Amino acid sequence: MKELSVGKEVLSYCNKDKHALAHIIVSMKDEMTIGKVQCKTCNTTQAYKDPSKVKERRQTKKSTLGKSKTSKLSNADLWMEAVNNSKAKSQAYSVKTKYILGDIVDHPTFGPGVIDKLIDQDKIQVIFRHDIKTLMHNK
Ligand SMILES: [Zn+2]
C-alpha cells in the first residue's frame, strides 16, 4: 500500500484547475486520511479531493441535468408533443375558420402549428415549432 504522509505526492482534484492533478500533501487528518494538499500546477492549498469520487459526482450531475432538461421542454419539444398528441388533420390557416383545441393549422409564415389555447371568441394561441403565437380566428 502506498504510504500517505505530509510532503508526499498524491493525485487530487484541483478546484481551481478543474482537473485531477498532482498535489503535495500539506496536512493529514489521520494516518489514512489526507487533510490538505497543495496543487503543483497552481500552488493552491485546498482540501484533498479524491479524483475518482469527483468524477462519479460529475456523472450523476450530468444525468440529473439531462433529466431536468427533459422536464423543462423547449418550444420545439412542446410543439412536437402537441403535434403528436393531436389527432386532428392539418388544415390551411384562415382567420375565417373557427378552430378548437388541438386543431393543427398550416400557417404560411410559421408552418404547422397546434391550437394550444382558446384565448377569446376570435383569438387562439398556437404553438409553432419556433414560437408561440396569438392568432385571429372565427372572423
Ligand atoms: Zn491547481
# chains A, B, ... in the order shown; residues from 1 in each chain; ligands from 1
call {"tool": "closest_atom_pairs", "arguments": {"of": "chain A", "to": "ligand 1", "cutoff": "7 Å", "atoms": "only C-alpha atoms and all ligand atoms", "output": "Markdown table"}}
result
| residue | atom | partner | partner_atom_place_in_ligand_line | distance |
| --- | --- | --- | --- | --- |
| A:Cys14 | CA | ligand 1 | 1 (Zn) | 4.7 |
| A:Asn15 | CA | ligand 1 | 1 (Zn) | 6.7 |
| A:Lys16 | CA | ligand 1 | 1 (Zn) | 5.2 |
| A:Asp17 | CA | ligand 1 | 1 (Zn) | 4.6 |
| A:Leu21 | CA | ligand 1 | 1 (Zn) | 6.9 |
| A:Cys39 | CA | ligand 1 | 1 (Zn) | 4.6 |
| A:Lys40 | CA | ligand 1 | 1 (Zn) | 6.5 |
| A:Thr41 | CA | ligand 1 | 1 (Zn) | 4.8 |
| A:Cys42 | CA | ligand 1 | 1 (Zn) | 4.1 |
| A:Asn43 | CA | ligand 1 | 1 (Zn) | 6.1 |
| A:Thr44 | CA | ligand 1 | 1 (Zn) | 5.9 |
call {"tool": "closest_atom_pairs", "arguments": {"of": "range 27-126 of chain A", "to": "range 130-139 of chain A", "cutoff": "9 Å", "atoms": "only C-alpha atoms", "output": "Markdown table"}}
result
| residue | atom | partner | partner_atom | distance |
| --- | --- | --- | --- | --- |
| A:Asn75 | CA | A:His130 | CA | 6.2 |
| A:Ala76 | CA | A:His130 | CA | 6.1 |
| A:Trp79 | CA | A:His130 | CA | 8.2 |
| A:Tyr93 | CA | A:His137 | CA | 8.8 |
| A:Ser94 | CA | A:His137 | CA | 7.0 |
| A:Val95 | CA | A:His137 | CA | 4.2 |
| A:Lys96 | CA | A:Lys139 | CA | 4.7 |
| A:Thr97 | CA | A:Asn138 | CA | 5.1 |
| A:Lys98 | CA | A:Asn138 | CA | 4.3 |
| A:Tyr99 | CA | A:His137 | CA | 6.9 |
| A:Phe110 | CA | A:His130 | CA | 8.0 |
| A:Gly113 | CA | A:Ile132 | CA | 8.7 |
| A:Asp116 | CA | A:Ile132 | CA | 8.9 |
| A:Ile119 | CA | A:Thr134 | CA | 8.3 |
| A:Gln121 | CA | A:Asn138 | CA | 7.2 |
| A:Asp122 | CA | A:His137 | CA | 4.9 |
| A:Lys123 | CA | A:Met136 | CA | 4.7 |
| A:Ile124 | CA | A:Leu135 | CA | 5.3 |
| A:Gln125 | CA | A:Thr134 | CA | 4.5 |
| A:Val126 | CA | A:Lys133 | CA | 5.3 |
call {"tool": "write_last_selection", "arguments": {"atoms": "C-alpha atoms", "output": "PDB file, in the first residue's frame"}}
result
ATOM      1  CA  ASN A  75     -40.638  25.231 -27.624  1.00  0.00           C
ATOM      2  CA  ALA A  76     -39.722  22.685 -30.289  1.00  0.00           C
ATOM      3  CA  TRP A  79     -44.592  21.691 -30.457  1.00  0.00           C
ATOM      4  CA  TYR A  93     -54.760  28.568 -41.577  1.00  0.00           C
ATOM      5  CA  SER A  94     -57.527  31.068 -42.204  1.00  0.00           C
ATOM      6  CA  VAL A  95     -58.897  33.810 -39.950  1.00  0.00           C
ATOM      7  CA  LYS A  96     -62.404  32.792 -41.009  1.00  0.00           C
ATOM      8  CA  THR A  97     -62.190  29.271 -39.686  1.00  0.00           C
ATOM      9  CA  LYS A  98     -63.271  28.548 -36.139  1.00  0.00           C
ATOM     10  CA  TYR A  99     -60.681  26.336 -34.503  1.00  0.00           C
ATOM     11  CA  PHE A 110     -44.856  29.926 -39.216  1.00  0.00           C
ATOM     12  CA  GLY A 113     -48.928  24.722 -35.520  1.00  0.00           C
ATOM     13  CA  ASP A 116     -52.898  25.311 -27.611  1.00  0.00           C
ATOM     14  CA  ILE A 119     -57.942  32.876 -25.651  1.00  0.00           C
ATOM     15  CA  GLN A 121     -64.002  34.320 -29.198  1.00  0.00           C
ATOM     16  CA  ASP A 122     -61.701  35.304 -32.007  1.00  0.00           C
ATOM     17  CA  LYS A 123     -58.226  34.662 -30.607  1.00  0.00           C
ATOM     18  CA  ILE A 124     -56.262  31.472 -30.352  1.00  0.00           C
ATOM     19  CA  GLN A 125     -52.832  30.605 -29.010  1.00  0.00           C
ATOM     20  CA  VAL A 126     -50.913  28.419 -31.406  1.00  0.00           C
TER      21      VAL A 126
END
call {"tool": "atom_distance", "arguments": {"atom1": "CA of Leu73 in chain A", "atom2": "CA of Val54 in chain A"}}
result
29.0 Å
call {"tool": "atom_distance", "arguments": {"atom1": "CA of Asn84 in chain A", "atom2": "CA of Thr109 in chain A"}}
result
21.1 Å
call {"tool": "residues_around", "arguments": {"residues": "Ser86 in chain A", "least_positions_apart": "3", "cutoff": "12 Å", "atoms": "only C-alpha atoms", "output": "ChimeraX atom specification"}}
result
/A:79-83,89-90,100-105,113-116
call {"tool": "select_by_dssp", "arguments": {"residues": "chain A", "states": "helix (DSSP H, G or I)", "output": "mmCIF file with C-alpha atoms, in the first residue's frame"}}
result
data_model
loop_
_atom_site.group_PDB
_atom_site.id
_atom_site.type_symbol
_atom_site.label_atom_id
_atom_site.label_comp_id
_atom_site.auth_asym_id
_atom_site.auth_seq_id
_atom_site.Cartn_x
_atom_site.Cartn_y
_atom_site.Cartn_z
ATOM 1 C CA PRO A 51 -10.460 12.448 -8.195
ATOM 2 C CA SER A 52 -12.412 9.238 -8.780
ATOM 3 C CA LYS A 53 -15.154 10.450 -6.446
ATOM 4 C CA VAL A 54 -15.295 13.794 -8.170
ATOM 5 C CA LYS A 55 -15.745 12.048 -11.496
ATOM 6 C CA GLU A 56 -18.616 9.975 -10.123
ATOM 7 C CA ARG A 57 -20.360 13.011 -8.768
ATOM 8 C CA ARG A 58 -19.900 14.772 -12.068
ATOM 9 C CA GLN A 59 -21.520 11.943 -13.975
ATOM 10 C CA THR A 60 -24.556 11.821 -11.698
ATOM 11 C CA LYS A 61 -24.801 15.566 -12.001
ATOM 12 C CA LYS A 62 -24.796 15.220 -15.741
ATOM 13 C CA SER A 63 -27.555 12.628 -15.735
ATOM 14 C CA THR A 64 -29.774 14.686 -13.434
ATOM 15 C CA LEU A 65 -29.083 17.617 -15.705
ATOM 16 C CA GLY A 66 -30.336 15.544 -18.596
ATOM 17 C CA LYS A 67 -33.469 14.759 -16.630
ATOM 18 C CA SER A 68 -34.169 18.364 -15.793
ATOM 19 C CA LYS A 69 -33.682 19.168 -19.441
ATOM 20 C CA THR A 70 -36.483 16.836 -20.451
ATOM 21 C CA SER A 71 -38.778 18.210 -17.751
ATOM 22 C CA ASN A 75 -40.638 25.231 -27.624
ATOM 23 C CA ALA A 76 -39.722 22.685 -30.289
ATOM 24 C CA ASP A 77 -40.366 19.875 -27.785
ATOM 25 C CA LEU A 78 -43.728 21.349 -26.833
ATOM 26 C CA TRP A 79 -44.592 21.691 -30.457
ATOM 27 C CA MET A 80 -43.562 18.120 -31.211
ATOM 28 C CA GLU A 81 -45.585 16.845 -28.271
ATOM 29 C CA ALA A 82 -48.632 18.870 -29.280
ATOM 30 C CA VAL A 83 -48.420 17.611 -32.854
ATOM 31 C CA ASN A 84 -48.048 14.031 -31.688
ATOM 32 C CA ASN A 85 -50.945 14.332 -29.243
#
call {"tool": "select_by_dssp", "arguments": {"residues": "range 25-128 of chain A", "states": "strand (DSSP E or B)", "output": "PyMOL selection string"}}
result
chain A and resi 25+28+34+36-39+45-47+90-92+104-107+111-120+123-128
call {"tool": "write_last_selection", "arguments": {"atoms": "N, CA and C atoms", "output": "CSV table (one decimal), in the first residue's frame"}}
result
chain,number,residue,atom,x,y,z
A,25,ILE,N,0.9,16.6,-0.3
A,25,ILE,CA,0.1,16.6,0.9
A,25,ILE,C,0.7,17.6,1.9
A,28,MET,N,-2.4,16.0,7.2
A,28,MET,CA,-3.1,14.7,7.3
A,28,MET,C,-4.2,14.8,8.4
A,34,ILE,N,-6.1,12.1,4.1
A,34,ILE,CA,-5.4,13.3,3.7
A,34,ILE,C,-6.2,14.5,4.1
A,36,LYS,N,-5.1,18.5,3.9
A,36,LYS,CA,-5.0,19.5,2.9
A,36,LYS,C,-3.8,19.1,1.9
A,37,VAL,N,-4.0,19.6,0.7
A,37,VAL,CA,-3.0,19.4,-0.3
A,37,VAL,C,-2.7,20.7,-1.1
A,38,GLN,N,-1.5,20.7,-1.6
A,38,GLN,CA,-1.1,21.9,-2.4
A,38,GLN,C,-0.9,21.5,-3.9
A,39,CYS,N,-1.6,22.2,-4.8
A,39,CYS,CA,-1.6,21.8,-6.2
A,39,CYS,C,-0.2,22.2,-6.7
A,45,THR,N,-3.5,25.8,-2.0
A,45,THR,CA,-3.7,24.8,-1.0
A,45,THR,C,-5.2,24.6,-0.7
A,46,GLN,N,-5.6,23.4,-0.8
A,46,GLN,CA,-7.0,23.1,-0.7
A,46,GLN,C,-7.3,21.7,0.0
A,47,ALA,N,-8.5,21.5,0.3
A,47,ALA,CA,-8.8,20.2,0.9
A,47,ALA,C,-8.7,19.1,-0.1
A,90,SER,N,-54.1,18.3,-40.4
A,90,SER,CA,-53.6,19.6,-40.7
A,90,SER,C,-54.5,20.3,-41.7
A,91,GLN,N,-54.8,21.6,-41.5
A,91,GLN,CA,-55.5,22.4,-42.4
A,91,GLN,C,-54.9,23.8,-42.6
A,92,ALA,N,-55.1,24.4,-43.7
A,92,ALA,CA,-54.5,25.7,-44.0
A,92,ALA,C,-55.1,26.7,-43.1
A,104,ILE,N,-54.8,21.3,-35.9
A,104,ILE,CA,-53.5,21.6,-36.5
A,104,ILE,C,-53.7,22.6,-37.7
A,105,VAL,N,-53.0,23.7,-37.7
A,105,VAL,CA,-53.1,24.6,-38.8
A,105,VAL,C,-51.8,24.7,-39.5
A,106,ASP,N,-51.9,25.0,-40.8
A,106,ASP,CA,-50.7,25.1,-41.6
A,106,ASP,C,-50.6,26.6,-41.9
A,107,HIS,N,-49.7,27.3,-41.2
A,107,HIS,CA,-49.6,28.8,-41.4
A,107,HIS,C,-48.5,29.1,-42.5
A,111,GLY,N,-45.5,27.9,-40.4
A,111,GLY,CA,-45.5,26.5,-40.7
A,111,GLY,C,-46.6,25.8,-39.9
A,112,PRO,N,-46.5,24.5,-39.7
A,112,PRO,CA,-47.6,23.8,-38.9
A,112,PRO,C,-47.6,24.2,-37.5
A,113,GLY,N,-48.8,24.4,-36.9
A,113,GLY,CA,-48.9,24.7,-35.5
A,113,GLY,C,-50.1,24.0,-34.9
A,114,VAL,N,-50.1,23.9,-33.6
A,114,VAL,CA,-51.2,23.3,-32.9
A,114,VAL,C,-51.9,24.3,-32.0
A,115,ILE,N,-53.3,24.3,-32.1
A,115,ILE,CA,-54.0,25.2,-31.2
A,115,ILE,C,-53.9,24.8,-29.8
A,116,ASP,N,-53.3,25.6,-29.0
A,116,ASP,CA,-52.9,25.3,-27.6
A,116,ASP,C,-53.9,25.9,-26.6
A,117,LYS,N,-54.5,27.0,-27.0
A,117,LYS,CA,-55.4,27.7,-26.1
A,117,LYS,C,-56.4,28.5,-26.8
A,118,LEU,N,-57.7,28.5,-26.3
A,118,LEU,CA,-58.6,29.4,-26.9
A,118,LEU,C,-58.7,30.6,-26.0
A,119,ILE,N,-58.1,31.7,-26.5
A,119,ILE,CA,-57.9,32.9,-25.7
A,119,ILE,C,-59.3,33.6,-25.6
A,120,ASP,N,-59.9,33.8,-26.7
A,120,ASP,CA,-61.0,34.6,-26.8
A,120,ASP,C,-62.0,34.1,-27.9
A,123,LYS,N,-59.7,34.8,-30.8
A,123,LYS,CA,-58.2,34.7,-30.6
A,123,LYS,C,-57.8,33.3,-30.1
A,124,ILE,N,-56.8,32.8,-30.7
A,124,ILE,CA,-56.3,31.5,-30.4
A,124,ILE,C,-54.8,31.6,-30.1
A,125,GLN,N,-54.3,30.7,-29.2
A,125,GLN,CA,-52.8,30.6,-29.0
A,125,GLN,C,-52.4,29.4,-29.7
A,126,VAL,N,-51.4,29.5,-30.6
A,126,VAL,CA,-50.9,28.4,-31.4
A,126,VAL,C,-49.4,28.2,-31.2
A,127,ILE,N,-49.1,26.9,-30.9
A,127,ILE,CA,-47.7,26.5,-30.8
A,127,ILE,C,-47.1,26.2,-32.2
A,128,PHE,N,-46.1,26.9,-32.6
A,128,PHE,CA,-45.4,26.6,-33.8
A,128,PHE,C,-44.0,26.1,-33.3
call {"tool": "residues_around", "arguments": {"residues": "Asp50 in chain A", "least_positions_apart": "4", "cutoff": "8 Å", "atoms": "only C-alpha atoms", "output": "list in words"}}
result
Leu11, Ser12, Tyr13 and Val54 of chain A
call {"tool": "write_last_selection", "arguments": {"atoms": "N, CA and C atoms", "output": "compact mmCIF listing (two decimals), in the first residue's frame"}}
result
# COMPACT_ATOMS: atom_id res chain seq x y z
N LEU A 11 -2.55 12.27 -6.16
CA LEU A 11 -3.44 12.79 -7.19
C LEU A 11 -4.72 13.29 -6.52
N SER A 12 -4.99 14.56 -6.70
CA SER A 12 -6.17 15.15 -6.09
C SER A 12 -6.87 16.04 -7.10
N TYR A 13 -8.14 16.22 -6.90
CA TYR A 13 -8.90 17.07 -7.82
C TYR A 13 -8.69 18.53 -7.43
N VAL A 54 -14.85 12.59 -7.48
CA VAL A 54 -15.29 13.79 -8.17
C VAL A 54 -15.91 13.42 -9.50
